[in-house]
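Trainee: Dumping the structure here so I can ask a few things about it.
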Amino acid sequence: MHESRPIDINSEPEDMLSQSVLFSLRSNVLLYELPGLRSEVPGQFLLTDLVTGQHFGLSNEQAAIIRTLQILQETVSFGDVSEACRQKFGVPVDCSAIQALLKDLDDLALIKSKSLSREQIVARQLKYRRAILERLQCDHLSSLLQWMKTSLEFYKHKLAGHPARITRLEELLDLPITTREDVRQNLHKLLPAGLNRYSNINWRSTSGTTSERMQTVHVGDYLQEVTQRVLHLNPCFDVEILGSPMCVLTTPVCSGLECHMDMNVPYERRLRYGRALFLNSVMNPVHFPEEKLEQIIEEMRKHQPRYLYCNASYAAALATYILQKQPKLPRFKTVLTSYEVTSKIHKRLLMQAFSCPSFEIYGLTEVSQAAMECEDGKMYVPHDTHIIEILDRDRRPVRPGEVGRLYITSLRKYSVPLLRYRTTDLARAASEPSTIRAEFCFQRIEGRIGDLIAKPDGQFLTPRMVDDAVSRCESGIGWYSLVQKNEHSYRLYIVPTPEYSNRTEGQLSALLAELLGPEAMISVEPVKEIRPGSSGKFRLCYQEEPQDSLQNQF
Amino acid sequence: MLTRRAAGGPIVYFDNAATSLKPRKVIDAVTRYMVYSTANIHRGNHTLAQEVSIAYEHVREKAARFINCSSHEVIFVRGATEGINIVAAGMNLQNHENVVGTLLEHHSNILPWKSRCGYRAAPLLPSGLPDPDAASSLIDENTRLLAVTSCSNVTGVHVSVRPWAELAHRHSLPLLVDAAQSGAHHKIDVGEMDCDFLVLSGHKMCGPTGAGILYGKEKYLMKLTPVFLGGGTVSLVRPDYTYELRELPWRFEAGTPDIAAVLGFGAAIDYVEEIGFDAIKEHMSEMRSALDDLFSSITGIRLLQPIDTRIPRACTVSFTEASGTFPPDYLSRILSDTFGIMARSGHHCAHPLHDSFGAKGSLRVSLLFYNTLEEVSYLGDALKKVLKMTGTA
């Protein structure tokens with residue numbers, strides 16, 4: 001990653017790590033210390049990949065000891081190991097150190113683990129990993145703060161009086177917020193000096209969905225690296241799939257200049273990086289012409305993608321067509337949805353049409369992808385690329401299971417880095433800690449603050465909460481949008497599918513009545529089209545006359 | 001428009017070569033027609049039809065006075081591009097024939113010719129002006145017309161038209177002048193220019209989009225075959241469907257025109273004349289000097305046309321960031337979103353000219369008389385702030 005400053009694990013070991021077994025980048029990679037394993041050798045930090053058995057950052061002699069330990073792991077007794085090491089290397093070995101190491105390895109299921117499931121192994125390791133991840137994040141953050149304070153005019157002022165090093169993540173709460181206005185108006189003060197020295201400068205523009213458009217820039221391999229880190233969180237994205245062909249189907253104007261694809265661009269011009277094929281889109285997927293859908297299917301056959309990266313509102317038209325026509329398609333491993341909140345209706349449709357799981361990925365143009373839905377349905381954040389906070393209006397972390405505004409800190413981005421960036425998105429904190437990953441996770445994205453609606457009693461409803469209710473209706477809905485007309489009146493616009501009937505309408509009314517309460521006046525109106533906004537994105541719900549008081553809750 | 005804010009401040013509008021802002025006077029003229037006197041022209045005798053027909057023809061007279069010609073030599077068109085296409089289509093050009101132009105031309109003064117016959121472009125002199133001697137050498141017995149811009153939409157250089165008219169007439173050719181960029185900058189006098197055709201876009205001189213003029217000397221207009229026929233262009237259609245064209249200018253104005261836009265264009269002429277070309281010239285000259293000073297003081301920028309203060313130029317400057325760190329599209333976006341400065345990026349419909357400069361595109365700032373020296377200074381500050389990040393400024 002050209003932008004990132006790799007952590008030199010040998011430079012400040014005492015600050016970074018102190019336990020024998022320290023942390024995991026993923027479940028199979030460990031960094032750990034061997035303090036005085038041999039009396040004449042000082043403590044060393046070692047990196048080992050437990051799958052391949054490869055070791056990094058240690059002497060050959062020490063690597064040999066580790067390998068010996070691993071070979072002996074199922075039958076080991078401490079005396080045997082000590083003797084084995086003595087015999088193999090001809091030097092005295094500190095048995096107490098080996099005992100301590102073996103105990104740690106055993107606690108963490110790194111030895112004697114053949115009978116344990118992956119989940120059991122992860123469960124044993126979680127508390128260690130989390131502690132280490134937090135320390136590592138603090139280290140990344142400190143490195144970033146140092147860079148901001150010394151290299152970027154904007155943050156020199158913003159961070160004046162704040163320490164450049166933090167040791168606990170809680171200290172993040174004392175650091176200042178960065179707003180969209182800050183970035184828009186101070187872009188030049190957020191660019192590192194000598195920008196022209198960087199290779200591969202990627203200018204990006206936000207779509208302007210929620211407010212005025214704004215610019216940012218990613219340099220080096222940042223985008224590629226961060227995307228891979230995020231995808232990697234989901235076991236679906238193994239080494240085989242990460243570099244394989246994929247297709248992108250989104251709005252014709254998903255990210256300003258970068259993604260502007262018009263609607264009839266030749267195949268060759270839509271093929272990026274040799275493997276990502278941007279599919280021709282339309283201004284409104286509700287009216288996706290059949291010939292274009294046929295062209296997409298033909299191009300998929302030609303390109304043989306392993307996964308689809310899409311805006312679900314647009315891919316829904318393709319999925320519907322596939323289910324109707326049953327064309328022969330390449331075998332998809334997964335469908336990733338992004339750009340806007342994915343309705344469960346569309347998620348079901350995509351999984352059915354492509355016969356594979358579908359996951360959401362959350363990102364912002366300003367920082368690229370940041371969170372990935374995993375097999376437990378929660379959204380995970382790579383510990384070394386971003387820190388996500390979900391805060392209430394007083395900028396305190398919300399309680400487990402509650403909704404708050406999402407703030408994001410980019411740890412590896414050194415051009416236009418963002419410290420506690422105040423997004424316009426809402427997220428729900430995880431109800432309970434993850435049992436499958438050490439990385440930070442939250443329950444789900446709830447939607448844009450600007451799309452909130454209010455129940456007659458004043459309680460807010462997010463797009464996701466509305467979708468929870470509407471999507472319980474299992475058929476008959478192509479696209480929908482719930483519009484709050486006034487304090488008590490709501491109208492659900494639906495682009496119906498052929499399965500739509502009076503029964504569907506009755507079911508939807510009942511579901512919405514349950515959601516909105518008895519005082520709500522609800523009407524359901526089938527329409528020929530629902531139009532996306534100027535950025536091409538749809539809104540699952542919104543107020544016809546937005547109330548500031550509603551949005552100000554966050 | 002100027003009350004609108006962007007990036008936390010007022011908008012600085014520097015894209016006047018694309019289209020100008022519309023003053024209240026023009027907006028009112030359009031609105032008045034829409035809400036108070038809507039009717040078609042030349043088709044009725046009721047009060048409203050008569051009112052608006054008279055108003056429409058008043059604009060024609062006003063436009064004729066504006067460029068110093070007879071009103072029957074003024075044809076209303078949507079803009080300069082349409083005007084050139086009407087001439088090109090009406091000349092019945094043949095494949096073996098050619099039109100001679102210059103490297104400075106906008107696509108609109110190239111493609112209508114190129115699509116019908118050969119097109120030859122005179123190169124530029126070191127001064128940035130097109131080379132008339134080179135143009136002369138390109139003329140042969142198959143040349144049908146000489147076409148030249150009066151002001152480049154990329155470099156801003158003003159081309160003195162009179163020598164080009166003399167050149168054309170020495171070869172017994174008509175001269176067409178693309179004056180799209182000139183209308184709000186200096187007085188256009190087709191008599192003094194002695195050009196045979198001239199096109200003008202109203203929307204670049206504070207008028208609404210959709211109205212401009214094609215001027216032609218009567219003898220040349222009468223030789224053109226009208227491209228569009230229909231209501232309003234003929235005086236008679238006989239039982240055998242033969243027809244007689246109306247007199248000038250109506251034979252070229254088929255169907256219902258954009259009446260509101262023409263009335264707005266009339267108000268724009270009033271607006272520009274009320275300010276006065278002397279005042280405009282003086283202010284633009286100050287701003288041009290300020291632009292020259294500004295671009296002389298900024299390193300890290302490559303101008304598409306070197307600063308030569310001896311050459312008369314509009315307040316239009318096209319440039320690139322020298323290191324390539326900021327492609328023109330993104331530099332434009334940063335100026336827009338961070339500083340509220342609206343400037344255009346791209347080729348500005350002049351690919352051949354950009355090719356000759358070895359540029360894949362450029363950022364263009366183009367000013368009009370309502371811009372200020374403070375805004376020029378603000379542009380300088382903004383560019384310096386951004387380019388500082390490349391390490392070259």
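Chain labels run A, B, ... following the order of the structure tokens; each chain numbers its residues from 1, and ligands are numbered from 1 in the order shown.
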Kindly determine which residues of chain A lie within 7 Å of chain B, considering only C-alpha atoms, and give the answer as a list of chain:residue names.

Mentor: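 So the contacting residues turn out to be A:Arg184, A:Gln185, A:Asn186, A:Leu187, A:His188, A:Leu191, A:Pro192, A:Ala193, A:Gly194, A:Leu195, A:Asn196, A:Trp203, A:Arg213, A:Met214, A:Gln215.
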
Trainee: Show which residues sit within 9 Å of B:Asn85, as an MDAnalysis selection string. Count only C-alpha atoms, and ignore same-chain residues fewer than 5 positions away.

Mentor: chainID B and resid 80 90 108:109 111:113 227

Trainee: At a cut-off of 9 Å, using only C-alpha atoms, what residues contact stretch 382-397 of chain A? Leave out same-chain residues fewer than 3 positions from it and give the result as JSON, numbers by chain.

Mentor: {"A": [25, 133, 134, 136, 137, 140, 141, 173, 226, 229, 230, 232, 233, 367, 370, 371, 372, 402, 403, 404, 405, 406, 407, 408, 409, 410, 411, 412, 413, 420, 426, 427, 428, 429, 438, 439, 440, 441, 442, 552, 553, 554]}

Trainee: What would the file look like if the residues just selected were written as a short mmCIF file (atom, residue, chain, number, x, y, z; two decimals), in the first residue's frame with N, CA and C atoms?

Mentor:
data_model
loop_
_atom_site.label_atom_id
_atom_site.label_comp_id
_atom_site.auth_asym_id
_atom_site.auth_seq_id
_atom_site.Cartn_x
_atom_site.Cartn_y
_atom_site.Cartn_z
N LEU A 25 -3.85 -10.97 12.36
CA LEU A 25 -4.35 -10.14 11.27
C LEU A 25 -5.58 -10.80 10.67
N LEU A 133 -5.85 -5.90 18.51
CA LEU A 133 -6.34 -5.05 17.42
C LEU A 133 -6.48 -3.62 17.88
N GLU A 134 -6.97 -3.46 19.10
CA GLU A 134 -7.15 -2.10 19.60
C GLU A 134 -5.81 -1.40 19.73
N LEU A 136 -3.21 -2.10 18.08
CA LEU A 136 -2.70 -1.86 16.72
C LEU A 136 -3.40 -0.65 16.09
N GLN A 137 -4.70 -0.55 16.31
CA GLN A 137 -5.44 0.60 15.78
C GLN A 137 -4.91 1.89 16.38
N HIS A 140 -1.83 2.73 14.55
CA HIS A 140 -2.14 3.29 13.23
C HIS A 140 -2.63 4.73 13.37
N LEU A 141 -3.52 4.91 14.33
CA LEU A 141 -4.12 6.23 14.51
C LEU A 141 -3.07 7.24 14.94
N LEU A 173 -12.55 9.87 21.29
CA LEU A 173 -13.70 10.73 21.56
C LEU A 173 -13.29 12.17 21.86
N VAL A 226 -7.47 -1.28 0.02
CA VAL A 226 -8.56 -1.18 0.99
C VAL A 226 -9.72 -2.07 0.56
N ARG A 229 -8.91 -5.54 1.45
CA ARG A 229 -8.97 -5.78 2.91
C ARG A 229 -10.42 -5.95 3.35
N VAL A 230 -11.29 -5.11 2.80
CA VAL A 230 -12.70 -5.18 3.20
C VAL A 230 -13.33 -6.49 2.71
N HIS A 232 -11.91 -9.17 2.04
CA HIS A 232 -11.25 -10.30 2.69
C HIS A 232 -11.91 -10.68 4.02
N LEU A 233 -12.66 -9.76 4.60
CA LEU A 233 -13.30 -10.06 5.88
C LEU A 233 -14.34 -11.16 5.73
N VAL A 367 -13.67 7.61 1.35
CA VAL A 367 -12.71 6.68 1.96
C VAL A 367 -12.69 5.32 1.28
N ALA A 370 -15.58 0.44 3.33
CA ALA A 370 -15.19 0.51 4.73
C ALA A 370 -15.72 -0.65 5.56
N ALA A 371 -16.82 -1.26 5.15
CA ALA A 371 -17.39 -2.32 5.98
C ALA A 371 -18.04 -3.37 5.10
N MET A 372 -17.99 -4.60 5.58
CA MET A 372 -18.47 -5.72 4.77
C MET A 372 -19.39 -6.60 5.61
N GLU A 402 -28.50 0.22 19.43
CA GLU A 402 -29.15 1.50 19.13
C GLU A 402 -28.61 2.12 17.84
N VAL A 403 -29.39 3.09 17.35
CA VAL A 403 -29.04 3.75 16.09
C VAL A 403 -28.33 5.07 16.36
N GLY A 404 -27.30 5.34 15.59
CA GLY A 404 -26.61 6.62 15.71
C GLY A 404 -26.01 7.01 14.39
N ARG A 405 -25.43 8.21 14.38
CA ARG A 405 -24.76 8.68 13.15
C ARG A 405 -23.41 8.00 13.04
N LEU A 406 -23.04 7.70 11.84
CA LEU A 406 -21.80 6.99 11.60
C LEU A 406 -20.66 7.99 11.34
N TYR A 407 -19.62 7.84 12.09
CA TYR A 407 -18.40 8.64 11.91
C TYR A 407 -17.28 7.68 11.50
N ILE A 408 -16.44 8.14 10.64
CA ILE A 408 -15.42 7.22 10.14
C ILE A 408 -14.04 7.88 10.11
N THR A 409 -13.05 7.13 10.53
CA THR A 409 -11.67 7.60 10.49
C THR A 409 -10.89 6.68 9.56
N SER A 410 -10.21 7.28 8.62
CA SER A 410 -9.44 6.48 7.65
C SER A 410 -8.02 6.34 8.17
N LEU A 411 -7.62 5.12 8.42
CA LEU A 411 -6.31 4.91 9.06
C LEU A 411 -5.15 4.86 8.07
N ARG A 412 -5.44 4.52 6.85
CA ARG A 412 -4.34 4.28 5.91
C ARG A 412 -4.30 5.29 4.78
N LYS A 413 -5.10 6.31 4.89
CA LYS A 413 -5.23 7.25 3.78
C LYS A 413 -4.43 8.51 4.13
N ARG A 420 -12.50 11.18 12.16
CA ARG A 420 -13.85 11.24 12.73
C ARG A 420 -14.78 11.99 11.76
N LEU A 426 -26.73 6.63 8.90
CA LEU A 426 -27.05 6.09 10.22
C LEU A 426 -26.67 4.62 10.25
N ALA A 427 -26.25 4.17 11.42
CA ALA A 427 -25.93 2.75 11.58
C ALA A 427 -26.43 2.29 12.94
N ARG A 428 -26.65 1.01 13.06
CA ARG A 428 -27.10 0.44 14.33
C ARG A 428 -25.92 -0.32 14.94
N ALA A 429 -25.65 -0.02 16.19
CA ALA A 429 -24.56 -0.71 16.89
C ALA A 429 -24.94 -2.18 17.07
N ALA A 438 -12.64 -10.88 15.31
CA ALA A 438 -12.14 -9.94 16.31
C ALA A 438 -12.37 -8.50 15.89
N GLU A 439 -12.51 -8.27 14.58
CA GLU A 439 -12.64 -6.92 14.07
C GLU A 439 -13.91 -6.26 14.59
N PHE A 440 -13.87 -4.93 14.59
CA PHE A 440 -15.05 -4.17 15.00
C PHE A 440 -16.21 -4.50 14.08
N CYS A 441 -17.37 -4.62 14.68
CA CYS A 441 -18.54 -4.84 13.84
C CYS A 441 -19.71 -4.00 14.33
N PHE A 442 -20.61 -3.71 13.45
CA PHE A 442 -21.87 -3.10 13.84
C PHE A 442 -23.00 -3.89 13.19
N ASN A 552 -32.13 16.39 13.26
CA ASN A 552 -31.27 16.92 14.32
C ASN A 552 -31.12 15.97 15.51
N GLN A 553 -31.91 14.91 15.51
CA GLN A 553 -31.74 13.92 16.59
C GLN A 553 -30.39 13.26 16.52
N PHE A 554 -29.74 13.44 15.37
CA PHE A 554 -28.43 12.79 15.19
C PHE A 554 -27.35 13.82 14.93
#

Trainee: Could you give me, as a list in words, each residue of stretch 38-73 of chain B that DSSP assigns to alpha helix (DSSP H) when run on this structure's backbone?

Mentor: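 Restricting stretch 38-73 of chain B to alpha helix (DSSP H) produces Thr47, Leu48, Ala49, Gln50, Glu51, Val52, Ser53, Ile54, Ala55, Tyr56, Glu57, His58, Val59, Arg60, Glu61, Lys62, Ala63, Ala64, Arg65, Phe66 and Ile67 of chain B.
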
Trainee: Next, the residues of the selection above should be written as a PDB file, in the first residue's frame with N, CA and C atoms.

Mentor:
ATOM      1  N   THR B  47     -55.142  40.394 -31.495  1.00  0.00           N
ATOM      2  CA  THR B  47     -54.312  41.379 -30.799  1.00  0.00           C
ATOM      3  C   THR B  47     -52.981  40.802 -30.363  1.00  0.00           C
ATOM      4  N   LEU B  48     -53.062  39.639 -29.733  1.00  0.00           N
ATOM      5  CA  LEU B  48     -51.822  39.064 -29.191  1.00  0.00           C
ATOM      6  C   LEU B  48     -50.848  38.711 -30.312  1.00  0.00           C
ATOM      7  N   ALA B  49     -51.380  38.124 -31.393  1.00  0.00           N
ATOM      8  CA  ALA B  49     -50.514  37.742 -32.512  1.00  0.00           C
ATOM      9  C   ALA B  49     -49.841  38.968 -33.113  1.00  0.00           C
ATOM     10  N   GLN B  50     -50.623  40.017 -33.220  1.00  0.00           N
ATOM     11  CA  GLN B  50     -50.058  41.232 -33.798  1.00  0.00           C
ATOM     12  C   GLN B  50     -48.986  41.822 -32.886  1.00  0.00           C
ATOM     13  N   GLU B  51     -49.292  41.825 -31.594  1.00  0.00           N
ATOM     14  CA  GLU B  51     -48.334  42.387 -30.635  1.00  0.00           C
ATOM     15  C   GLU B  51     -47.003  41.655 -30.695  1.00  0.00           C
ATOM     16  N   VAL B  52     -47.101  40.367 -30.639  1.00  0.00           N
ATOM     17  CA  VAL B  52     -45.850  39.602 -30.541  1.00  0.00           C
ATOM     18  C   VAL B  52     -45.118  39.582 -31.884  1.00  0.00           C
ATOM     19  N   SER B  53     -45.864  39.643 -33.005  1.00  0.00           N
ATOM     20  CA  SER B  53     -45.194  39.698 -34.316  1.00  0.00           C
ATOM     21  C   SER B  53     -44.398  40.983 -34.436  1.00  0.00           C
ATOM     22  N   ILE B  54     -45.003  42.052 -33.974  1.00  0.00           N
ATOM     23  CA  ILE B  54     -44.293  43.339 -34.030  1.00  0.00           C
ATOM     24  C   ILE B  54     -43.066  43.319 -33.130  1.00  0.00           C
ATOM     25  N   ALA B  55     -43.262  42.783 -31.939  1.00  0.00           N
ATOM     26  CA  ALA B  55     -42.131  42.727 -31.002  1.00  0.00           C
ATOM     27  C   ALA B  55     -40.990  41.900 -31.586  1.00  0.00           C
ATOM     28  N   TYR B  56     -41.364  40.818 -32.223  1.00  0.00           N
ATOM     29  CA  TYR B  56     -40.375  39.914 -32.823  1.00  0.00           C
ATOM     30  C   TYR B  56     -39.588  40.633 -33.920  1.00  0.00           C
ATOM     31  N   GLU B  57     -40.306  41.332 -34.757  1.00  0.00           N
ATOM     32  CA  GLU B  57     -39.621  42.036 -35.854  1.00  0.00           C
ATOM     33  C   GLU B  57     -38.821  43.235 -35.345  1.00  0.00           C
ATOM     34  N   HIS B  58     -39.264  43.785 -34.224  1.00  0.00           N
ATOM     35  CA  HIS B  58     -38.463  44.841 -33.607  1.00  0.00           C
ATOM     36  C   HIS B  58     -37.101  44.305 -33.195  1.00  0.00           C
ATOM     37  N   VAL B  59     -37.102  43.079 -32.702  1.00  0.00           N
ATOM     38  CA  VAL B  59     -35.813  42.486 -32.306  1.00  0.00           C
ATOM     39  C   VAL B  59     -34.930  42.318 -33.534  1.00  0.00           C
ATOM     40  N   ARG B  60     -35.542  41.945 -34.637  1.00  0.00           N
ATOM     41  CA  ARG B  60     -34.742  41.778 -35.863  1.00  0.00           C
ATOM     42  C   ARG B  60     -34.091  43.114 -36.248  1.00  0.00           C
ATOM     43  N   GLU B  61     -34.875  44.155 -36.156  1.00  0.00           N
ATOM     44  CA  GLU B  61     -34.315  45.480 -36.490  1.00  0.00           C
ATOM     45  C   GLU B  61     -33.214  45.862 -35.507  1.00  0.00           C
ATOM     46  N   LYS B  62     -33.466  45.529 -34.264  1.00  0.00           N
ATOM     47  CA  LYS B  62     -32.476  45.833 -33.228  1.00  0.00           C
ATOM     48  C   LYS B  62     -31.182  45.069 -33.500  1.00  0.00           C
ATOM     49  N   ALA B  63     -31.342  43.820 -33.864  1.00  0.00           N
ATOM     50  CA  ALA B  63     -30.169  42.982 -34.147  1.00  0.00           C
ATOM     51  C   ALA B  63     -29.427  43.507 -35.366  1.00  0.00           C
ATOM     52  N   ALA B  64     -30.189  43.957 -36.354  1.00  0.00           N
ATOM     53  CA  ALA B  64     -29.551  44.499 -37.566  1.00  0.00           C
ATOM     54  C   ALA B  64     -28.739  45.737 -37.214  1.00  0.00           C
ATOM     55  N   ARG B  65     -29.329  46.606 -36.381  1.00  0.00           N
ATOM     56  CA  ARG B  65     -28.579  47.799 -35.959  1.00  0.00           C
ATOM     57  C   ARG B  65     -27.339  47.386 -35.159  1.00  0.00           C
ATOM     58  N   PHE B  66     -27.506  46.347 -34.370  1.00  0.00           N
ATOM     59  CA  PHE B  66     -26.426  45.888 -33.485  1.00  0.00           C
ATOM     60  C   PHE B  66     -25.190  45.478 -34.279  1.00  0.00           C
ATOM     61  N   ILE B  67     -25.422  44.894 -35.455  1.00  0.00           N
ATOM     62  CA  ILE B  67     -24.252  44.473 -36.249  1.00  0.00           C
ATOM     63  C   ILE B  67     -24.098  45.308 -37.521  1.00  0.00           C
TER      64      ILE B  67
END

Trainee: Find the spatial neighbours of stretch 162-171 of chain A, counting only C-alpha atoms, within a cut-off of 6 Å - ignore same-chain residues fewer than 6 positions away - and output them as a short mmCIF file (atom, residue, chain, number, x, y, z; two decimals) with N, CA and C atoms, in the first residue's frame.

Mentor:
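As written to disk, selection_10.cif reads:
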data_model
loop_
_atom_site.label_atom_id
_atom_site.label_comp_id
_atom_site.auth_asym_id
_atom_site.auth_seq_id
_atom_site.Cartn_x
_atom_site.Cartn_y
_atom_site.Cartn_z
N CYS A 138 -4.66 1.85 17.67
CA CYS A 138 -4.11 3.04 18.32
C CYS A 138 -2.79 3.42 17.68
N SER A 142 -2.21 6.82 15.82
CA SER A 142 -1.15 7.73 16.26
C SER A 142 -0.26 8.13 15.10
N LEU A 145 -2.22 10.61 13.10
CA LEU A 145 -2.30 11.91 13.76
C LEU A 145 -0.99 12.67 13.61
N GLN A 146 0.08 11.94 13.75
CA GLN A 146 1.39 12.57 13.60
C GLN A 146 1.53 13.17 12.21
#

Trainee: Please list as a ChimeraX atom specification every residue within 9 Å of stretch 272-282 of chain B, counting only C-alpha atoms and excluding residues in the same chain fewer than 6 positions away.

Mentor: /B:66,184-187,205-206,368-369

Trainee: Write a file of the selected residues as a CSV table (one decimal), in the first residue's frame, keeping N, CA and C atoms.

Mentor:
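Here's the written file again_38.csv:
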chain,number,residue,atom,x,y,z
B,66,PHE,N,-27.5,46.3,-34.4
B,66,PHE,CA,-26.4,45.9,-33.5
B,66,PHE,C,-25.2,45.5,-34.3
B,184,ALA,N,-20.6,39.9,-27.0
B,184,ALA,CA,-20.6,40.7,-25.8
B,184,ALA,C,-19.3,41.4,-25.5
B,185,HIS,N,-18.3,41.2,-26.4
B,185,HIS,CA,-17.0,41.7,-26.1
B,185,HIS,C,-16.7,43.0,-26.8
B,186,HIS,N,-17.1,43.1,-28.1
B,186,HIS,CA,-16.8,44.3,-28.8
B,186,HIS,C,-17.8,44.5,-29.9
B,187,LYS,N,-17.9,45.7,-30.4
B,187,LYS,CA,-18.9,46.1,-31.4
B,187,LYS,C,-18.6,45.3,-32.6
B,205,MET,N,-24.1,36.2,-25.0
B,205,MET,CA,-24.1,37.7,-24.8
B,205,MET,C,-25.3,38.1,-23.9
B,206,CYS,N,-25.6,37.2,-22.9
B,206,CYS,CA,-26.6,37.5,-21.9
B,206,CYS,C,-28.0,37.2,-22.4
B,368,LEU,N,-16.6,37.7,-18.5
B,368,LEU,CA,-17.4,38.7,-19.2
B,368,LEU,C,-17.5,39.9,-18.4
B,369,PHE,N,-18.2,40.9,-18.9
B,369,PHE,CA,-18.0,42.2,-18.3
B,369,PHE,C,-18.5,42.3,-16.8

Trainee: Show which residues sit within 9 Å of B:Leu93, as a ChimeraX atom specification. Count only C-alpha atoms, and ignore same-chain residues fewer than 6 positions away.

Mentor: /B:113,116-117,144

Trainee: Neighbours of B:Arg246 within 12 Å (only C-alpha atoms; same-chain residues fewer than 2 positions away dropped), as number ranges by chain?

Mentor: B: 72, 222, 226, 229-237, 243-244, 248-254

Trainee: For those residues, write N, CA and C atoms to a file as a CSV table (one decimal), in the first residue's frame.

Mentor:
chain,number,residue,atom,x,y,z
B,72,HIS,N,-33.5,42.7,-43.2
B,72,HIS,CA,-33.8,41.5,-44.0
B,72,HIS,C,-32.6,40.6,-44.2
B,222,MET,N,-29.4,35.0,-51.1
B,222,MET,CA,-30.3,34.6,-52.1
B,222,MET,C,-29.8,33.4,-52.9
B,226,PRO,N,-32.7,27.1,-49.0
B,226,PRO,CA,-33.2,26.9,-47.6
B,226,PRO,C,-33.2,25.4,-47.2
B,229,LEU,N,-38.0,23.9,-44.9
B,229,LEU,CA,-39.2,24.5,-45.5
B,229,LEU,C,-40.4,24.2,-44.7
B,230,GLY,N,-41.4,25.0,-44.9
B,230,GLY,CA,-42.7,24.7,-44.2
B,230,GLY,C,-43.4,26.0,-43.9
B,231,GLY,N,-44.2,26.1,-42.9
B,231,GLY,CA,-44.9,27.3,-42.6
B,231,GLY,C,-44.0,28.5,-42.5
B,232,GLY,N,-44.4,29.5,-43.2
B,232,GLY,CA,-43.7,30.8,-43.0
B,232,GLY,C,-42.6,31.0,-44.0
B,233,THR,N,-42.2,30.0,-44.8
B,233,THR,CA,-41.0,30.1,-45.7
B,233,THR,C,-41.5,30.4,-47.2
B,234,VAL,N,-42.8,30.1,-47.4
B,234,VAL,CA,-43.2,30.3,-48.8
B,234,VAL,C,-44.4,31.3,-48.9
B,235,SER,N,-44.4,31.9,-50.1
B,235,SER,CA,-45.6,32.8,-50.3
B,235,SER,C,-46.7,32.1,-51.0
B,236,LEU,N,-46.4,31.0,-51.6
B,236,LEU,CA,-47.5,30.3,-52.4
B,236,LEU,C,-47.1,28.9,-52.6
B,237,VAL,N,-48.1,28.0,-52.4
B,237,VAL,CA,-48.0,26.6,-52.9
B,237,VAL,C,-49.1,26.4,-53.8
B,243,TYR,N,-43.9,25.7,-55.5
B,243,TYR,CA,-44.1,26.8,-54.5
B,243,TYR,C,-43.1,28.0,-54.8
B,244,GLU,N,-43.4,29.1,-54.2
B,244,GLU,CA,-42.5,30.2,-54.3
B,244,GLU,C,-42.0,30.6,-52.9
B,248,LEU,N,-36.4,37.5,-48.3
B,248,LEU,CA,-35.6,37.4,-47.1
B,248,LEU,C,-36.2,38.2,-46.0
B,249,PRO,N,-36.1,37.8,-44.8
B,249,PRO,CA,-35.3,36.7,-44.3
B,249,PRO,C,-36.2,35.4,-44.1
B,250,TRP,N,-37.5,35.6,-44.3
B,250,TRP,CA,-38.5,34.6,-43.8
B,250,TRP,C,-38.3,33.2,-44.5
B,251,ARG,N,-37.7,33.3,-45.7
B,251,ARG,CA,-37.6,32.0,-46.4
B,251,ARG,C,-36.7,31.0,-45.7
B,252,PHE,N,-35.9,31.6,-44.7
B,252,PHE,CA,-35.0,30.7,-43.9
B,252,PHE,C,-35.6,30.4,-42.5
B,253,GLU,N,-36.8,30.8,-42.2
B,253,GLU,CA,-37.3,30.6,-40.9
B,253,GLU,C,-38.6,29.8,-40.9
B,254,ALA,N,-38.4,28.5,-41.0
B,254,ALA,CA,-39.5,27.6,-41.1
B,254,ALA,C,-40.1,27.3,-39.8

Trainee: Using atom CA of B:Ser345 and atom CA of B:Val262 as the two end points, give the distance in Å to one decimal.

Mentor: 29.4 Å

Trainee: Counting only C-alpha atoms, which of A:Lys485, A:Arg539, A:Lys455, A:Lys156 gets nearest to A:Ser523?

Mentor: A:Lys485

Trainee: Smallest atom-to-atom distance to B:Val26: which of B:Ile307, B:Ala267, B:Ala88, B:Leu214, using only C-alpha atoms?

Mentor: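 Between B:Ile307, B:Ala267, B:Ala88, B:Leu214, the residue approaching B:Val26 most closely is B:Ala267.
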
Trainee: Between atom CA of B:Glu82 and atom CA of B:Thr102, measure the distance and give it in Å to one decimal.

Mentor: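 Computed distance, atom CA of B:Glu82 to atom CA of B:Thr102, equals 19.5 Å.
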
Trainee: For A:Pro518, which of A:Thr497, A:Thr342, A:Asn200, A:Ser489 is the closest residue, counting only C-alpha atoms?

Mentor: A:Ser489
